[in-house]
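Beneath this line is the structure, given in C-alpha cells, with notes to follow.
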Amino acid sequence: MSTNTEQRGEKGDILLDMRDVRIDGFSDERWHEIIKGVDLTLKRGEVLGLIGESGAGKSTLGKAAMGYAQPGCKIKSGSIMFDGIDLMAATEAEKRELWGSRIAYVAQSAAASFNPAHRLLDQTIEATVGHNVSSEEDARKDAVELYDSLSLPHPNSIGERYPHQVSGGQLQRVMTAMAMSPRPDLIIFDEPTTALDVTTQVEVLLAMREIVERFNTAAIYITHDLAVVAQMADRIKVLRYGEEVEDATTESMLSAPKEDYTKSLWSVRALEKSESPSDDIVLDIKNIDAAYARSVKVLKDVSIKVPRGRTVSIVGESGSGKSTTARVLTGLLPPEAGTIKFNGEVLPAELKNRSKDQLRRIQMIYQMADTAMNPKQTVGEIIGRPLDFYHELSGADRDKRVSELLDLIELDDSFIDRLPSELSGGQKQRICIARALAAEPEVIICDEVTSALDQIVQEGILKLLLRLQKELGITYLFITHDIAVVSAISDEIVVMFQGEVVEQGLKSQILQPPYPDYTQLLLSSVPEMDPNWLDKFVEARD
Amino acid sequence: MNEEKTYSAAGEVGQVRVRRSRWERIRIELKKAPVSAWFGMIVIAIYAFVAIFAQFLAPFGEAQIFPKADLPWAMLGGETQHFFGTDQIGRDTLSRMIFGAQNTIGIALTTTVLSFLIGGSLGLIAAINQSWLDQLLSRGVDVIMSIPSLIFALMLLSIFGSSIPTLIFIIAALDSTRVFRLTRSVAINVVVMDYVEAARLRGEGLGWVMRREILPNILPPLVAEFGLRFSFVFLIIAALSFLGLGIQPPTADWGSMVRDGSRFIQFVAYDWTLALPSLLPAGAVALLTVAVNFVVDWFLHKTSGLRDEH
C-alpha cells in the first residue's frame, strides 16, 4: 500500500489543477453558465471542503474535477490537469480508465447508488478488479480490511449481505470502502453524510477522515454543512452562484472570514430565542400508544404538554417516533391507547371524526416543500384553497387575503401565478407556511421544516416563524433532529428515543447538564464550528 | 447593511426560471415535434374533418342503392359517377367509406371516453382506498382480463344482441379494465405525496382529492394511453364487424366493408381492382392506427422524462 503511494508521488505535490473552469448547464431551452471561471488546486493528501448553498455549483464543480459533466451540462472552457493528464483533452475511454481506479466518487445517497441485486462485497471490488488494479482474491481480502478500518460490524461477513440488509450509515461506509478499494489518488465526497442522523454522521465522518489520512488520499468534500466541513477539510472554498467567494485554510476561514457572504454563513448558528415558560396548555397528549399494522409498536406511553403561544421541539434520531407523534396528532394514525386534549376538549382519534373547525386549528408544515405542494396548482390556488374551504372567502376577498398572506411571509403579489417548480426551496417552504397560516390555526406542527434547506435559507425561515409567533401568537410543535434549530426556536424540548419520551422540560433545563445518557449522546454528536471538535468528541467518548 | 449579506426571500427569485405562457410552450413543443408526429397529426386532422362533415362530403347517401353496380375503378372508363365503384348490392363505395369514418371513429371515440370514465374513476378510488375495495376491484379486473377480450365480447354480444349502445357499453366495460390498472398504478405513486395528505388533513372530500390533487398529476400517461386504447377499440370494432357481430347493416363501417369486400378476393386474379373494396377500408383502419400511434409515441417520449442528450 505504502509503495503504491510512493510511486505516485510525494505528499505536497500538486495533484489536481483546475484553471478558469466554465461549465454550461441546459435548462429552459437555453444554455446557462453555471460555473463561471473557478480555479481549484489540490495537493496530494489534502482535503478541500467545497461549500455553498444549493445551486451554487458545488456538485457540478466536484464532478468536473473528474473531467465529468453530468447530462445536461458541458464543460465549456478552462483546463483540468490531473497528475499531469489533461482531462479536457482525454477521451471517454481514457477518462473511464481513471475513474474507479485513480479517482473515486462517493455519492450523497448510498442507498440509491448500490445495485440492490448484488452483494456488497462484489460491488465494493467491482471497479478494482475491473480496472485490473489487483486480483480478485487480493481485492476481497483488502475489502474486508477496509470494512474493519471503517469500523463496520462483522467485517468478515458484512460483504455477503445485500444493500437492503444494512443501515444507511453502514451503507455509506461501504461506499467509502468501495471508493477506497483501488487506492485512488483522489476521492470526491458529494454530501456523503447529509442524509444521516447526527449520531450516525459522527461515526461515518470519523471513519472517512481516518481512512483518508491513512492512505494519504486527496479529497474534495462537498457539503452545505459548515460544521461538518470544519472537521474534515484542511482548506475550504466557498462557492456562490458558480463563482468563488473565498478560499482559505480551515482555521483562518473559521476564525477570520473575509467576505460578508462567508460571515453570513457563519452567523446562522448564532440565532437564539429566549425561552418563556407558560402554564396555559393548548395541546395535552396523554399516555399515547401507537402501532403500525397493529404489530410494530412505535410509540410507548408518550405524554407531551404543549403550552399556548410557545414552541415545543421534539428531538431524536430517525425511528425515535417523532414523526409518528405528529401523525397521531393529526389523526392520520389513530392511537391504540391514550387521549389528546385540545383546549381542554378530547380530540377524536380519527381524522374523519374531527370537525372542520378542529381540523382548521391544527395545521401541518412538511419537511419537503416540494412534495407538500401540488405541482399543478399555482401559489394563488395553494394558499387560496384553505381560505375558500375554511373561511368561505371567494373572489376579490380571497385575492386580497392571499396577497396579505404573501406579504406576511415576505413575498409579493408577483408570486400568485407561479407554479411550485418556479420557486426556490426557501420560497416553497414559505408558501407552505402561508398555506398553514391561511387556515388561521392555533397550533402548527412543523415536521423537519428546515432540514432540507441551506443554512442561510434556514435562518430566514426560522426568523419568519419566530416573527409570526410573536405577531399572531401561534403555537409550534417543532419536530427536528437539528439541535442548532432547537436552540434557535424552542421554549421547551422533548427528547424521544425508541418511541419513548426521555425527558421534557424548558430549553435551559434540557440543554444543561446533567443529561440522561441518550440526551448526552444526541447533544454531543452535533458537530460544532471548531476544527478540533471531532478529536475532542473521540477523546470524550473514549 | 451590505446588500449581498442581507437575506431576502423574494431575492431568491433571481435564481429561478421564468414560466412561459401555455401557448408559447405548446408552440415550442410543436416546433420540436418529429416528422412522424407531424404526419400523425395531419392524418388524424383529415380523418376528423371527414368524419365530422361526412354528410356534406359524401357524394351519395349511406345506404343509397343504385340499380347498376359498377366495378371499382370503372371511373377510368368514364361511364360512371362512382369513383371506387359500388359494392355487391350497388351502394357507392366512396360514400360508404366516408360515412364509415363517421360511424367507426364516432363509436370508437365514445367507447374510449366511456372506458376511461369507468376505469379511471374506479382506478383512482382503488388507489386512494387501498383496502378491501381496492382488493375487490383489482381481483375482479384480474378475472375479467383473464378471459380473451374478443371472445368475451362475442359472448356478451350474442347474449345482449348487437345494437350500437350495447356494443359501445360492452367494449367500454372490457376495455376499462386496462385503464383501471394503469390509473391505479400511476395514482398510487401520487397518493403517497404530502400534498395529498395535506388535502386530507384539511378535510377535503374524496371528489376534490381525486379531481384536483391526483388527476392533474397523472394526466400525461392517461392521455397517452387514451390514444393507444382508441386504436385498439377501433380494431376491436372492426374485428367484431368483420365477424358480423359489430355494427349492423345498413350502417356503413369499415370492418363490415372489409368483410363484404372479401367475397371478391377470389376474382382478384382476373381484375386487380376487385381487391379495392376490402383493401380501402382495411387501409383506412391501418393508416389511422399508425397515425395515432405516431402521435402517442411522441407524447410518451416527451412526458416519460427521458431527455435527449444535449
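Lettering and numbering for the C-alpha cells are positional, with chains as A, B, ... in the shown order, residues counted from 1 in each chain, and ligands counted from 1 in the shown order.
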Residues of chain A within 9 Å of chain B, only C-alpha atoms counted, as a ChimeraX atom specification: /A:26-28,55,71-74,241,260-264,330-332,351-352,354-356,359-360,363-366,368-377,386,389-390,409-412,418-419,421-424,426-427,430,439,456-457,460-461
In range 24-164 of chain A, DSSP strand (DSSP E) residues written as number ranges by chain: A: 24-27, 30-43, 47-51, 73-82, 85-86, 103-106
Expected file contents, prior selection, C-alpha atoms, as a JSON list (two decimals), in the first residue's frame:
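Output file selection-v1.json follows:
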```
[["chain", "number", "residue", "atom", "x", "y", "z"],
["A", 24, "ASP", "CA", -22.74, 25.42, -19.00],
["A", 25, "GLY", "CA", -25.99, 23.85, -17.91],
["A", 26, "PHE", "CA", -29.02, 23.36, -20.10],
["A", 27, "SER", "CA", -32.37, 24.42, -18.74],
["A", 30, "ARG", "CA", -31.11, 27.51, -23.25],
["A", 31, "TRP", "CA", -27.55, 27.08, -22.04],
["A", 32, "HIS", "CA", -26.67, 28.99, -18.87],
["A", 33, "GLU", "CA", -23.25, 29.38, -17.39],
["A", 34, "ILE", "CA", -23.41, 27.64, -14.01],
["A", 35, "ILE", "CA", -19.70, 27.64, -13.16],
["A", 36, "LYS", "CA", -18.21, 30.98, -14.00],
["A", 37, "GLY", "CA", -14.47, 30.62, -14.15],
["A", 38, "VAL", "CA", -13.35, 28.85, -10.96],
["A", 39, "ASP", "CA", -9.76, 27.87, -10.13],
["A", 40, "LEU", "CA", -9.10, 24.89, -7.90],
["A", 41, "THR", "CA", -5.80, 23.40, -6.81],
["A", 42, "LEU", "CA", -5.47, 20.28, -4.72],
["A", 43, "LYS", "CA", -2.26, 18.82, -3.35],
["A", 47, "VAL", "CA", -8.75, 17.58, 1.88],
["A", 48, "LEU", "CA", -10.59, 20.51, 0.34],
["A", 49, "GLY", "CA", -14.03, 21.44, 1.58],
["A", 50, "LEU", "CA", -16.38, 22.83, -1.03],
["A", 51, "ILE", "CA", -19.34, 24.64, 0.49],
["A", 73, "CYS", "CA", -24.07, 20.05, -18.58],
["A", 74, "LYS", "CA", -20.94, 20.62, -20.58],
["A", 75, "ILE", "CA", -17.52, 21.87, -19.64],
["A", 76, "LYS", "CA", -17.10, 24.87, -21.89],
["A", 77, "SER", "CA", -13.58, 26.06, -21.28],
["A", 78, "GLY", "CA", -10.69, 26.06, -18.86],
["A", 79, "SER", "CA", -8.10, 23.45, -18.07],
["A", 80, "ILE", "CA", -8.32, 20.43, -15.77],
["A", 81, "MET", "CA", -4.98, 18.73, -15.13],
["A", 82, "PHE", "CA", -4.96, 15.60, -13.01],
["A", 85, "ILE", "CA", -3.07, 14.24, -17.50],
["A", 86, "ASP", "CA", -5.15, 16.80, -19.34],
["A", 103, "ILE", "CA", -10.37, 8.95, -8.99],
["A", 104, "ALA", "CA", -13.35, 7.78, -6.97],
["A", 105, "TYR", "CA", -16.69, 9.32, -6.20],
["A", 106, "VAL", "CA", -18.89, 8.88, -3.11]]
```
Minimum-distance residue to Phe116 in chain B, chosen among B:Leu228, B:Ile236, B:Ala269, B:Ala282 (using only C-alpha atoms):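 Answer, going by the shortest atom-to-atom distance: B:Leu228.
Distances to Phe169 in chain B were evaluated for B:Ser278, B:Ser185, B:Ser115, B:Gln135 using only C-alpha atoms, and the minimum falls at B:Ser115.
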Test item: residues at most 12 Å from Asn156 in chain A, only C-alpha atoms, excluding those fewer than 4 positions along its chain, as a ChimeraX atom specification: /A:120-121,140-149,151-152,160-161
For the residues selected in the previous step, produce a file with N, CA and C atoms as a PDB file, in the first residue's frame.
```pdb
ATOM      1  N   LEU A 120     -22.726  -6.779  -1.293  1.00  0.00           N
ATOM      2  CA  LEU A 120     -21.907  -5.581  -1.075  1.00  0.00           C
ATOM      3  C   LEU A 120     -20.457  -5.805  -1.475  1.00  0.00           C
ATOM      4  N   LEU A 121     -19.930  -6.977  -1.126  1.00  0.00           N
ATOM      5  CA  LEU A 121     -18.510  -7.230  -1.386  1.00  0.00           C
ATOM      6  C   LEU A 121     -18.239  -7.195  -2.891  1.00  0.00           C
ATOM      7  N   ARG A 140     -10.658  -8.838  -2.495  1.00  0.00           N
ATOM      8  CA  ARG A 140     -11.596  -9.297  -1.462  1.00  0.00           C
ATOM      9  C   ARG A 140     -10.988  -9.191  -0.074  1.00  0.00           C
ATOM     10  N   LYS A 141      -9.739  -9.640   0.039  1.00  0.00           N
ATOM     11  CA  LYS A 141      -9.065  -9.599   1.331  1.00  0.00           C
ATOM     12  C   LYS A 141      -8.943  -8.147   1.806  1.00  0.00           C
ATOM     13  N   ASP A 142      -8.563  -7.300   0.862  1.00  0.00           N
ATOM     14  CA  ASP A 142      -8.372  -5.890   1.173  1.00  0.00           C
ATOM     15  C   ASP A 142      -9.697  -5.228   1.570  1.00  0.00           C
ATOM     16  N   ALA A 143     -10.778  -5.606   0.889  1.00  0.00           N
ATOM     17  CA  ALA A 143     -12.080  -5.024   1.196  1.00  0.00           C
ATOM     18  C   ALA A 143     -12.470  -5.321   2.634  1.00  0.00           C
ATOM     19  N   VAL A 144     -12.197  -6.557   3.075  1.00  0.00           N
ATOM     20  CA  VAL A 144     -12.518  -6.923   4.454  1.00  0.00           C
ATOM     21  C   VAL A 144     -11.712  -6.054   5.425  1.00  0.00           C
ATOM     22  N   GLU A 145     -10.449  -5.817   5.087  1.00  0.00           N
ATOM     23  CA  GLU A 145      -9.627  -4.937   5.929  1.00  0.00           C
ATOM     24  C   GLU A 145     -10.208  -3.525   5.967  1.00  0.00           C
ATOM     25  N   LEU A 146     -10.642  -3.065   4.800  1.00  0.00           N
ATOM     26  CA  LEU A 146     -11.234  -1.727   4.743  1.00  0.00           C
ATOM     27  C   LEU A 146     -12.502  -1.657   5.594  1.00  0.00           C
ATOM     28  N   TYR A 147     -13.342  -2.681   5.491  1.00  0.00           N
ATOM     29  CA  TYR A 147     -14.558  -2.716   6.318  1.00  0.00           C
ATOM     30  C   TYR A 147     -14.175  -2.597   7.780  1.00  0.00           C
ATOM     31  N   ASP A 148     -13.105  -3.323   8.132  1.00  0.00           N
ATOM     32  CA  ASP A 148     -12.665  -3.319   9.518  1.00  0.00           C
ATOM     33  C   ASP A 148     -12.209  -1.930   9.928  1.00  0.00           C
ATOM     34  N   SER A 149     -11.402  -1.297   9.065  1.00  0.00           N
ATOM     35  CA  SER A 149     -10.894   0.013   9.472  1.00  0.00           C
ATOM     36  C   SER A 149     -11.974   1.087   9.408  1.00  0.00           C
ATOM     37  N   SER A 151     -14.689   0.595  10.778  1.00  0.00           N
ATOM     38  CA  SER A 151     -15.455   0.066  11.923  1.00  0.00           C
ATOM     39  C   SER A 151     -16.867  -0.377  11.573  1.00  0.00           C
ATOM     40  N   LEU A 152     -16.953  -1.145  10.504  1.00  0.00           N
ATOM     41  CA  LEU A 152     -18.230  -1.776  10.200  1.00  0.00           C
ATOM     42  C   LEU A 152     -18.339  -3.056  11.041  1.00  0.00           C
ATOM     43  N   GLU A 160     -21.136 -10.130   2.514  1.00  0.00           N
ATOM     44  CA  GLU A 160     -22.030 -11.131   1.926  1.00  0.00           C
ATOM     45  C   GLU A 160     -23.477 -10.657   1.915  1.00  0.00           C
ATOM     46  N   ARG A 161     -23.723  -9.517   2.565  1.00  0.00           N
ATOM     47  CA  ARG A 161     -25.116  -9.056   2.636  1.00  0.00           C
ATOM     48  C   ARG A 161     -25.481  -8.239   1.399  1.00  0.00           C
TER      49      ARG A 161
END
```
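One finds CA of Phe230 in chain B at 18.6 Å from CA of Gly123 in chain B.
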Long-range neighbours of Ser134 in chain A as a list in words, 12 Å cut-off, only C-alpha atoms, 2 positions minimum in chain: Met1, Asn4, Ser101, Ile125, Glu126, Ala127, Thr128, Val129, Gly130, His131, Asn132, Glu136, Glu137, Asp138, Ala139, Arg140, Lys141, Asp142, Ala143, Ser181, Pro182 and Arg183 of chain A
Writer output for current selection, N, CA and C atoms, as an mmCIF file, in the first residue's frame:
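And here's out.cif as it stands now:
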```
data_model
loop_
_atom_site.group_PDB
_atom_site.id
_atom_site.type_symbol
_atom_site.label_atom_id
_atom_site.label_comp_id
_atom_site.auth_asym_id
_atom_site.auth_seq_id
_atom_site.Cartn_x
_atom_site.Cartn_y
_atom_site.Cartn_z
ATOM 1 N N MET A 1 0.816 -1.208 0.000
ATOM 2 C CA MET A 1 0.000 0.000 0.000
ATOM 3 C C MET A 1 0.848 1.255 0.000
ATOM 4 N N ASN A 4 2.628 1.848 -3.148
ATOM 5 C CA ASN A 4 1.700 2.400 -4.121
ATOM 6 C C ASN A 4 1.696 3.919 -4.114
ATOM 7 N N SER A 101 -10.380 3.897 -10.656
ATOM 8 C CA SER A 101 -9.085 3.358 -10.258
ATOM 9 C C SER A 101 -8.246 4.447 -9.576
ATOM 10 N N ILE A 125 -15.586 -4.395 -4.805
ATOM 11 C CA ILE A 125 -14.346 -4.672 -5.534
ATOM 12 C C ILE A 125 -14.526 -4.601 -7.049
ATOM 13 N N GLU A 126 -15.747 -4.319 -7.491
ATOM 14 C CA GLU A 126 -16.037 -4.384 -8.929
ATOM 15 C C GLU A 126 -15.079 -3.516 -9.749
ATOM 16 N N ALA A 127 -14.925 -2.259 -9.335
ATOM 17 C CA ALA A 127 -14.081 -1.351 -10.115
ATOM 18 C C ALA A 127 -12.614 -1.753 -10.028
ATOM 19 N N THR A 128 -12.198 -2.152 -8.827
ATOM 20 C CA THR A 128 -10.799 -2.518 -8.611
ATOM 21 C C THR A 128 -10.403 -3.677 -9.522
ATOM 22 N N VAL A 129 -11.244 -4.710 -9.538
ATOM 23 C CA VAL A 129 -10.949 -5.878 -10.360
ATOM 24 C C VAL A 129 -11.142 -5.533 -11.846
ATOM 25 N N GLY A 130 -12.181 -4.789 -12.109
ATOM 26 C CA GLY A 130 -12.473 -4.420 -13.496
ATOM 27 C C GLY A 130 -11.368 -3.598 -14.141
ATOM 28 N N HIS A 131 -10.671 -2.808 -13.338
ATOM 29 C CA HIS A 131 -9.585 -1.992 -13.879
ATOM 30 C C HIS A 131 -8.232 -2.691 -13.737
ATOM 31 N N ASN A 132 -8.257 -3.948 -13.339
ATOM 32 C CA ASN A 132 -7.031 -4.724 -13.163
ATOM 33 C C ASN A 132 -6.053 -4.082 -12.193
ATOM 34 N N GLU A 136 -8.733 -10.503 -7.955
ATOM 35 C CA GLU A 136 -9.985 -10.568 -7.225
ATOM 36 C C GLU A 136 -9.759 -11.021 -5.783
ATOM 37 N N GLU A 137 -8.859 -11.987 -5.631
ATOM 38 C CA GLU A 137 -8.607 -12.533 -4.296
ATOM 39 C C GLU A 137 -8.044 -11.457 -3.365
ATOM 40 N N ASP A 138 -7.030 -10.724 -3.873
ATOM 41 C CA ASP A 138 -6.435 -9.658 -3.073
ATOM 42 C C ASP A 138 -7.463 -8.593 -2.749
ATOM 43 N N ALA A 139 -8.254 -8.238 -3.752
ATOM 44 C CA ALA A 139 -9.239 -7.176 -3.564
ATOM 45 C C ALA A 139 -10.240 -7.562 -2.480
ATOM 46 N N ARG A 140 -10.658 -8.838 -2.495
ATOM 47 C CA ARG A 140 -11.596 -9.297 -1.462
ATOM 48 C C ARG A 140 -10.988 -9.191 -0.074
ATOM 49 N N LYS A 141 -9.739 -9.640 0.039
ATOM 50 C CA LYS A 141 -9.065 -9.599 1.331
ATOM 51 C C LYS A 141 -8.943 -8.147 1.806
ATOM 52 N N ASP A 142 -8.563 -7.300 0.862
ATOM 53 C CA ASP A 142 -8.372 -5.890 1.173
ATOM 54 C C ASP A 142 -9.697 -5.228 1.570
ATOM 55 N N ALA A 143 -10.778 -5.606 0.889
ATOM 56 C CA ALA A 143 -12.080 -5.024 1.196
ATOM 57 C C ALA A 143 -12.470 -5.321 2.634
ATOM 58 N N SER A 181 -11.158 1.141 -2.298
ATOM 59 C CA SER A 181 -10.637 -0.168 -2.691
ATOM 60 C C SER A 181 -9.498 -0.119 -3.726
ATOM 61 N N PRO A 182 -9.593 0.663 -4.789
ATOM 62 C CA PRO A 182 -8.455 0.706 -5.714
ATOM 63 C C PRO A 182 -7.346 1.659 -5.264
ATOM 64 N N ARG A 183 -7.411 2.171 -4.055
ATOM 65 C CA ARG A 183 -6.450 3.165 -3.537
ATOM 66 C C ARG A 183 -6.315 4.346 -4.500
#
```
Every residue of range 33-216 of chain B that DSSP places in helix (DSSP H, G or I), as a PyMOL selection string: chain B and resi 35-52+54-57+74-77+93-129+132-145+149-160+164-191+194-202+206-216
Trp254 in chain B environment, 9 Å, only C-alpha atoms, sequence neighbours closer than 4 positions dropped, as a ChimeraX atom specification: /B:96-97,100-101,103-104,238,241-242,258-259,278,280-282,284-285
Next, write the just-selected residues to a file, as a CSV table (one decimal), in the first residue's frame, keeping C-alpha atoms as the atom set.
```
chain,number,residue,atom,x,y,z
B,96,ARG,CA,-69.8,4.4,-47.6
B,97,MET,CA,-66.1,4.9,-46.8
B,100,GLY,CA,-67.9,4.6,-42.3
B,101,ALA,CA,-65.3,7.1,-41.0
B,103,ASN,CA,-69.6,5.7,-37.6
B,104,THR,CA,-66.4,3.9,-36.8
B,238,ALA,CA,-63.6,-3.6,-37.0
B,241,SER,CA,-67.9,-6.1,-37.6
B,242,PHE,CA,-65.9,-8.4,-39.7
B,258,VAL,CA,-63.8,-5.4,-45.3
B,259,ARG,CA,-66.0,-8.5,-44.8
B,278,SER,CA,-61.8,-4.7,-48.9
B,280,LEU,CA,-59.6,0.6,-48.9
B,281,PRO,CA,-61.4,0.2,-45.6
B,282,ALA,CA,-58.6,-2.0,-44.2
B,284,ALA,CA,-58.1,3.3,-43.7
B,285,VAL,CA,-58.1,1.4,-40.4
```
Do you know which residues are at most 12 Å from Gly119 in chain B counting only C-alpha atoms, after dropping those on the same chain fewer than 3 positions away, and could you put them as a CSV table (one decimal) with N, CA and C atoms, in the first residue's frame?
```csv
chain,number,residue,atom,x,y,z
B,111,THR,N,-66.7,5.0,-27.1
B,111,THR,CA,-66.3,3.8,-26.3
B,111,THR,C,-65.1,4.1,-25.4
B,112,THR,N,-64.1,4.8,-26.1
B,112,THR,CA,-62.8,5.0,-25.3
B,112,THR,C,-63.1,6.0,-24.2
B,113,VAL,N,-63.9,7.0,-24.5
B,113,VAL,CA,-64.2,8.0,-23.4
B,113,VAL,C,-64.9,7.3,-22.2
B,114,LEU,N,-65.9,6.5,-22.6
B,114,LEU,CA,-66.6,5.8,-21.6
B,114,LEU,C,-65.7,4.9,-20.8
B,115,SER,N,-64.8,4.1,-21.5
B,115,SER,CA,-64.0,3.2,-20.7
B,115,SER,C,-63.0,4.0,-19.8
B,116,PHE,N,-62.6,5.2,-20.2
B,116,PHE,CA,-61.8,6.0,-19.3
B,116,PHE,C,-62.5,6.5,-18.1
B,122,LEU,N,-62.7,4.4,-11.1
B,122,LEU,CA,-62.5,3.2,-10.2
B,122,LEU,C,-61.1,3.0,-9.8
B,123,GLY,N,-60.2,3.3,-10.8
B,123,GLY,CA,-58.7,3.2,-10.5
B,123,GLY,C,-58.3,4.2,-9.5
B,124,LEU,N,-58.8,5.4,-9.6
B,124,LEU,CA,-58.5,6.4,-8.6
B,124,LEU,C,-59.0,6.0,-7.2
B,125,ILE,N,-60.2,5.6,-7.2
B,125,ILE,CA,-60.8,5.2,-5.9
B,125,ILE,C,-60.0,4.1,-5.3
B,126,ALA,N,-59.7,3.1,-6.1
B,126,ALA,CA,-58.9,1.9,-5.6
B,126,ALA,C,-57.6,2.4,-5.0
B,127,ALA,N,-56.9,3.4,-5.7
B,127,ALA,CA,-55.6,3.8,-5.3
B,127,ALA,C,-55.7,4.6,-4.0
B,137,LEU,N,-61.9,-4.7,-6.4
B,137,LEU,CA,-61.8,-4.2,-7.7
B,137,LEU,C,-60.7,-4.8,-8.5
B,138,SER,N,-59.5,-4.8,-7.9
B,138,SER,CA,-58.3,-5.3,-8.6
B,138,SER,C,-58.5,-6.8,-9.0
B,141,VAL,N,-61.0,-7.2,-11.8
B,141,VAL,CA,-60.4,-6.9,-13.0
B,141,VAL,C,-59.5,-8.0,-13.5
B,172,ALA,N,-66.5,-0.9,-23.9
B,172,ALA,CA,-66.0,0.1,-22.9
B,172,ALA,C,-65.8,-0.6,-21.6
B,173,ALA,N,-66.7,-1.5,-21.2
B,173,ALA,CA,-66.5,-2.2,-19.9
B,173,ALA,C,-65.3,-3.1,-20.0
B,174,LEU,N,-65.1,-3.8,-21.1
B,174,LEU,CA,-64.0,-4.7,-21.2
B,174,LEU,C,-62.7,-3.9,-21.2
B,175,ASP,N,-62.7,-2.8,-21.9
B,175,ASP,CA,-61.5,-2.0,-22.1
B,175,ASP,C,-61.1,-1.3,-20.8
B,176,SER,N,-62.1,-1.0,-20.0
B,176,SER,CA,-61.9,-0.2,-18.8
B,176,SER,C,-61.0,-0.9,-17.8
B,177,THR,N,-60.9,-2.2,-18.0
B,177,THR,CA,-60.0,-3.0,-17.1
B,177,THR,C,-58.6,-2.5,-17.2
B,178,ARG,N,-58.2,-2.3,-18.4
B,178,ARG,CA,-56.8,-1.9,-18.6
B,178,ARG,C,-56.6,-0.5,-18.1
B,179,VAL,N,-57.6,0.4,-18.4
B,179,VAL,CA,-57.5,1.7,-17.9
B,179,VAL,C,-57.4,1.7,-16.4
B,180,PHE,N,-58.2,0.9,-15.8
B,180,PHE,CA,-58.2,0.8,-14.3
B,180,PHE,C,-56.8,0.5,-13.8
B,181,ARG,N,-56.2,-0.6,-14.4
B,181,ARG,CA,-54.9,-0.9,-13.9
B,181,ARG,C,-53.9,0.2,-14.1
B,182,LEU,N,-53.9,0.8,-15.2
B,182,LEU,CA,-52.9,1.9,-15.4
B,182,LEU,C,-53.2,3.1,-14.4
B,183,THR,N,-54.4,3.5,-14.3
B,183,THR,CA,-54.8,4.6,-13.4
B,183,THR,C,-54.4,4.3,-12.0
B,184,ARG,N,-54.7,3.1,-11.6
B,184,ARG,CA,-54.4,2.7,-10.2
B,184,ARG,C,-52.9,2.7,-10.0
B,222,LEU,N,-52.1,9.0,-18.9
B,222,LEU,CA,-53.5,8.7,-19.2
B,222,LEU,C,-53.8,9.2,-20.6
B,225,GLU,N,-52.2,6.9,-23.0
B,225,GLU,CA,-53.0,5.6,-23.0
B,225,GLU,C,-54.3,5.8,-23.8
B,226,PHE,N,-54.9,6.9,-23.7
B,226,PHE,CA,-56.1,7.2,-24.4
B,226,PHE,C,-55.9,7.0,-25.9
B,229,ARG,N,-55.5,3.2,-26.5
B,229,ARG,CA,-56.8,2.5,-26.3
B,229,ARG,C,-57.8,2.7,-27.5
```
Distance query Ile52 in chain B at most 7 Å, only C-alpha atoms, self and fewer than 3 positions along chain excluded, as a ChimeraX atom specification: /B:48-49,102
